[in-house]
Amino acid sequence: MTGYYDSHDSAPADDTEQPATEHGMSRRQLMRHAGWFGGAVVLTVASGEVISHIADSRETNSMAAADATAAANGSLRFVQVSDSHIGFQGPANTDVVGSFTEAINQVNSLGFRPDFVMHSGDLTHLSTAGQFDQVKQMLTGMQTDRVFTVPGEHDSIGDAGRAYRKTFGMGTLGDGWYSFDTHGVHFIALVNTLSLEKLGHLGNDQIDFVRKDIAGLSSDTPIVVFSHIPLFAMYPKWGWSTDDALKIIALLRRFSSVTCLNGHVHQLFTKTDGNITFHSATTTAYPLPKPGRGPAPTPQVVPARQLKDALGIRTVGYRQGDRELAVKDQRLA
């Protein structure tokens, strides 16, 4: 079961290191990843290890050429955008509509047509009908055939996500979860932003859905999981974790390649745990502080010329027969 809409006419359709401590990453790990905030970071998974480096212009051009070649060979290419917060008003970004428009333009200028675009939550800031209508209309500007979404906690304010599901939930199950297959990859879209105490939460119904959904899959099937809140303990003190995620992770252990992509934290972060790699995405709206750098995850005001360095999109590629997915993060600047 899949929930998505065509990016042009908006018509709904069906298509078939070590574990973190209870406080998330150690200070050493936080410092190791501190330089990944903003910027163009290349993440490559090899032999179960994530290798990262900052891409210079020559490497970026080379990767663009590789993207074009891969697309011509029929490989999978998709884009992740996150945390557009349409409706936000504040000094951290006085024009979130403008910055999200720039992100859409960046997607449309990649040099290839993505197989799909995934928005990993907080589409809106206050989950009003007008904000949902606005972001849905904006997403029709993506030059791709399909746009998928998962909700963020800002998409569920006051109504347990009903307005979100009315706009984006056609064809989904339960509170908006679903799965689909393409190019030999199995995708699972989860909802962990309802029933919040402090951490994200999935619930037994959704965990049962995943158990049944993957039961018939071969262990060499690449799995990609989308959620808004991280499925690993990035920084539980700020709610940057999901309290029952280990039940999902246990179900995914038998697969040789699992990639989990999330939003929520408004910055790049990666973690590898055995066969599972977690990548947190940046935002198109405003930066949040790095874990522990401040009393709370509140919007950060940076000089206007530096804002786009903290915003961006993510492209992900996969060639059938490979074990790993190639993840590339690009800043909006």
# chains A, B, ... in the order shown; residues from 1 in each chain; ligands from 1

$ select_by_dssp --residues "stretch 38-236 of chain A" --states "strand (DSSP E)" --output "ChimeraX atom specification"
/A:41-46,49-54,76-81,116-119,146-149,178-182,185-189,223-227

$ select_by_dssp --residues "stretch 187-282 of chain A" --states "alpha helix (DSSP H)" --output "VMD selection string"
chain A and resid 204 to 214 245 to 252

$ closest_atom_pairs --of "stretch 156-197 of chain A" --to "stretch 243-264 of chain A" --cutoff "12 Å" --atoms "only C-alpha atoms" --output "JSON lines"
{"residue": "A:Val185", "atom": "CA", "partner": "A:Val258", "partner_atom": "CA", "distance": 10.0}
{"residue": "A:His186", "atom": "CA", "partner": "A:Val258", "partner_atom": "CA", "distance": 9.7}
{"residue": "A:Phe187", "atom": "CA", "partner": "A:Thr259", "partner_atom": "CA", "distance": 9.6}
{"residue": "A:Ile188", "atom": "CA", "partner": "A:Cys260", "partner_atom": "CA", "distance": 9.4}
{"residue": "A:Ala189", "atom": "CA", "partner": "A:Leu261", "partner_atom": "CA", "distance": 9.7}
{"residue": "A:Leu190", "atom": "CA", "partner": "A:Asn262", "partner_atom": "CA", "distance": 10.0}
{"residue": "A:Val191", "atom": "CA", "partner": "A:Asn262", "partner_atom": "CA", "distance": 10.9}
{"residue": "A:Asn192", "atom": "CA", "partner": "A:Ala245", "partner_atom": "CA", "distance": 9.1}
{"residue": "A:Thr193", "atom": "CA", "partner": "A:His264", "partner_atom": "CA", "distance": 10.0}
{"residue": "A:Ser195", "atom": "CA", "partner": "A:Asp243", "partner_atom": "CA", "distance": 11.0}
{"residue": "A:Leu196", "atom": "CA", "partner": "A:Asp243", "partner_atom": "CA", "distance": 9.6}
{"residue": "A:Glu197", "atom": "CA", "partner": "A:Asp243", "partner_atom": "CA", "distance": 9.6}

$ write_last_selection --atoms "N, CA, C and O atoms" --output "CSV table (one decimal), in the first residue's frame"
chain,number,residue,atom,x,y,z
A,185,VAL,N,14.3,-1.9,-4.5
A,185,VAL,CA,14.4,-1.4,-3.2
A,185,VAL,C,13.0,-1.3,-2.5
A,185,VAL,O,12.0,-1.0,-3.2
A,186,HIS,N,12.9,-1.7,-1.3
A,186,HIS,CA,11.6,-1.7,-0.5
A,186,HIS,C,11.7,-0.5,0.4
A,186,HIS,O,12.6,-0.3,1.2
A,187,PHE,N,10.7,0.4,0.3
A,187,PHE,CA,10.6,1.6,1.1
A,187,PHE,C,9.5,1.5,2.1
A,187,PHE,O,8.4,1.0,1.8
A,188,ILE,N,9.8,2.0,3.3
A,188,ILE,CA,8.8,2.0,4.4
A,188,ILE,C,8.7,3.4,4.9
A,188,ILE,O,9.7,4.0,5.3
A,189,ALA,N,7.5,4.0,5.0
A,189,ALA,CA,7.3,5.3,5.5
A,189,ALA,C,6.5,5.2,6.8
A,189,ALA,O,5.4,4.7,6.9
A,190,LEU,N,7.1,5.7,7.9
A,190,LEU,CA,6.6,5.6,9.2
A,190,LEU,C,6.1,6.9,9.8
A,190,LEU,O,6.6,8.0,9.4
A,191,VAL,N,5.2,6.8,10.8
A,191,VAL,CA,4.7,8.0,11.5
A,191,VAL,C,5.1,7.9,13.0
A,191,VAL,O,4.6,7.0,13.7
A,192,ASN,N,6.0,8.7,13.4
A,192,ASN,CA,6.4,8.6,14.9
A,192,ASN,C,6.2,10.0,15.6
A,192,ASN,O,6.9,10.3,16.5
A,193,THR,N,5.3,10.8,15.1
A,193,THR,CA,5.1,12.1,15.7
A,193,THR,C,3.7,12.3,16.4
A,193,THR,O,3.3,13.4,16.7
A,195,SER,N,1.1,10.7,19.6
A,195,SER,CA,1.3,10.1,21.0
A,195,SER,C,2.6,10.5,21.6
A,195,SER,O,3.2,9.7,22.2
A,196,LEU,N,3.0,11.8,21.4
A,196,LEU,CA,4.3,12.2,21.9
A,196,LEU,C,4.2,12.5,23.4
A,196,LEU,O,3.3,13.3,23.8
A,197,GLU,N,5.1,12.0,24.1
A,197,GLU,CA,5.3,12.5,25.5
A,197,GLU,C,6.5,13.4,25.4
A,197,GLU,O,6.4,14.6,25.6

$ closest_residue --among "A:Pro303, A:Pro297, A:Gly176, A:Gly130" --to "A:Ala92" --atoms "only C-alpha atoms"
A:Pro303

$ closest_atom_pairs --of "stretch 121-204 of chain A" --to "stretch 268-291 of chain A" --cutoff "12 Å" --atoms "only C-alpha atoms" --output "CSV"
residue,atom,partner,partner_atom,distance
A:Gly121,CA,A:Thr283,CA,10.0
A:Asp122,CA,A:Thr283,CA,9.6
A:Leu123,CA,A:Ala285,CA,10.0
A:Thr124,CA,A:Ala285,CA,10.4
A:His125,CA,A:Ala285,CA,10.1

$ closest_residue --among "A:Leu202, A:Gly87, A:Val147, A:Leu332" --to "A:Leu311" --atoms "only C-alpha atoms"
A:Leu332

$ closest_residue --among "A:Met142, A:Ile214, A:Ala163, A:Met118" --to "A:Ala103" --atoms "only C-alpha atoms"
A:Met142

$ closest_residue --among "A:Val225, A:Val301, A:Leu199, A:Val79" --to "A:Pro91" --atoms "only C-alpha atoms"
A:Val301
